[in-house]
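Worksheet for the structure shown next.
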Amino acid sequence: MCSKLRVSALFGAFLFGQAAMVLANDSDSQARSAPAKTSETTAPTGPKLFEVERQMIEQTNAQRAKYGLPPLLIDQSLENTARSHTIWMTNNRALQHSTANIGENIAMGQQTTSEAVTDWMNSPGHRANILNSSYKRTGVAAYRTPDGTIYWCQQFLP
């Protein structure tokens, strides 16, 4: 069983590199959590994104465009914190907001990006985050537990 310190070090080594798997600290046994991602792309303005992250940003920006709002830009710091928080939720099997002072949408169980964004748009609080005109930057992530449950996270800042 990995210690929390070791898991934190592994997050840094695996999460922000090229690895497709992240070691998890499970209360019963050591497990692996796979990102809900298949390939990486580089956003024109910065960080490498997995396909599911690119789709989440595209679909979120499409919703904003319907209301005449500018697209959100990918922020490396928010991308890192969204990934880190999503890994935490996945490893702990817990749908819980982070304690960071940011706008945040989280979800669990949706099988596609479209389902996650649609569910957020059908929820008044989540919709308000997506359509908040003061938000200019975002970071997103999605990770899958070994049993197939996907945890989703969007974070926003002005």
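Chains: A, B, ... in order of the structure tokens. Residues: from 1 per chain. Ligands: from 1, in order shown.
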- Compile the contact shell of range 153-156 of chain A as a ChimeraX atom specification: residues with an atom at most 7 Å away, counting only C-alpha atoms, same-chain residues fewer than 6 positions apart removed. /A:78,82,86,102-107,135,137-142
- Using only C-alpha atoms, which of A:Thr81, A:Ala116, A:Gln55, A:Ile74 sits nearest Ile150 in chain A?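 Result for the nearest residue to Ile150 in chain A: A:Ala116.
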Please identify which residues in range 101-143 of chain A DSSP calls strand (DSSP E or B) from the backbone, and express them as a CSV table (one decimal) with N, CA and C atoms, in the first residue's frame.
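Okay, part_10.csv is ready:
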chain,number,residue,atom,x,y,z
A,103,GLY,N,-14.3,29.1,-9.4
A,103,GLY,CA,-15.5,28.5,-9.8
A,103,GLY,C,-15.2,27.0,-10.2
A,104,GLU,N,-16.1,26.1,-9.9
A,104,GLU,CA,-15.9,24.7,-10.1
A,104,GLU,C,-17.1,23.9,-10.4
A,105,ASN,N,-17.1,23.1,-11.4
A,105,ASN,CA,-18.1,22.2,-11.7
A,105,ASN,C,-17.5,20.8,-11.6
A,106,ILE,N,-18.2,19.9,-10.9
A,106,ILE,CA,-17.8,18.5,-10.8
A,106,ILE,C,-19.0,17.6,-11.1
A,107,ALA,N,-18.7,16.4,-11.5
A,107,ALA,CA,-19.7,15.4,-11.8
A,107,ALA,C,-19.1,14.0,-11.7
A,108,MET,N,-20.0,13.0,-11.7
A,108,MET,CA,-19.6,11.6,-11.5
A,108,MET,C,-20.6,10.8,-12.2
A,137,ARG,N,-10.8,32.0,-17.9
A,137,ARG,CA,-9.8,30.9,-18.0
A,137,ARG,C,-10.4,29.6,-17.4
A,138,THR,N,-9.9,28.5,-17.9
A,138,THR,CA,-10.4,27.2,-17.4
A,138,THR,C,-9.3,26.2,-17.4
A,139,GLY,N,-9.6,25.1,-16.6
A,139,GLY,CA,-8.9,23.9,-16.6
A,139,GLY,C,-9.9,22.8,-16.4
A,140,VAL,N,-9.7,21.6,-17.0
A,140,VAL,CA,-10.6,20.5,-17.0
A,140,VAL,C,-9.9,19.2,-16.9
A,141,ALA,N,-10.7,18.2,-16.4
A,141,ALA,CA,-10.1,16.8,-16.3
A,141,ALA,C,-11.2,15.8,-16.2
A,142,ALA,N,-10.9,14.6,-16.5
A,142,ALA,CA,-11.8,13.4,-16.4
A,142,ALA,C,-11.0,12.2,-16.1
A,143,TYR,N,-11.3,11.5,-15.1
A,143,TYR,CA,-10.5,10.2,-14.8
A,143,TYR,C,-11.5,9.1,-14.5
- Task: Show which residues sit within 10 Å of Arg93 in chain A, as a count of residues only. Count only C-alpha atoms, and ignore same-chain residues fewer than 4 positions away.
- Result: 9
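Between Ser114 in chain A and the residues A:Asn92, A:Met56, A:Asn132, A:Lys48, the shortest atom-to-atom distance, using only C-alpha atoms, involves A:Met56.
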- Message: Just to confirm, what's the straight-line distance from CA of Gln76 in chain A to CA of Leu157 in chain A in Å (one decimal)?
- Response: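 Distance reported for this atom pair: 11.9 Å.
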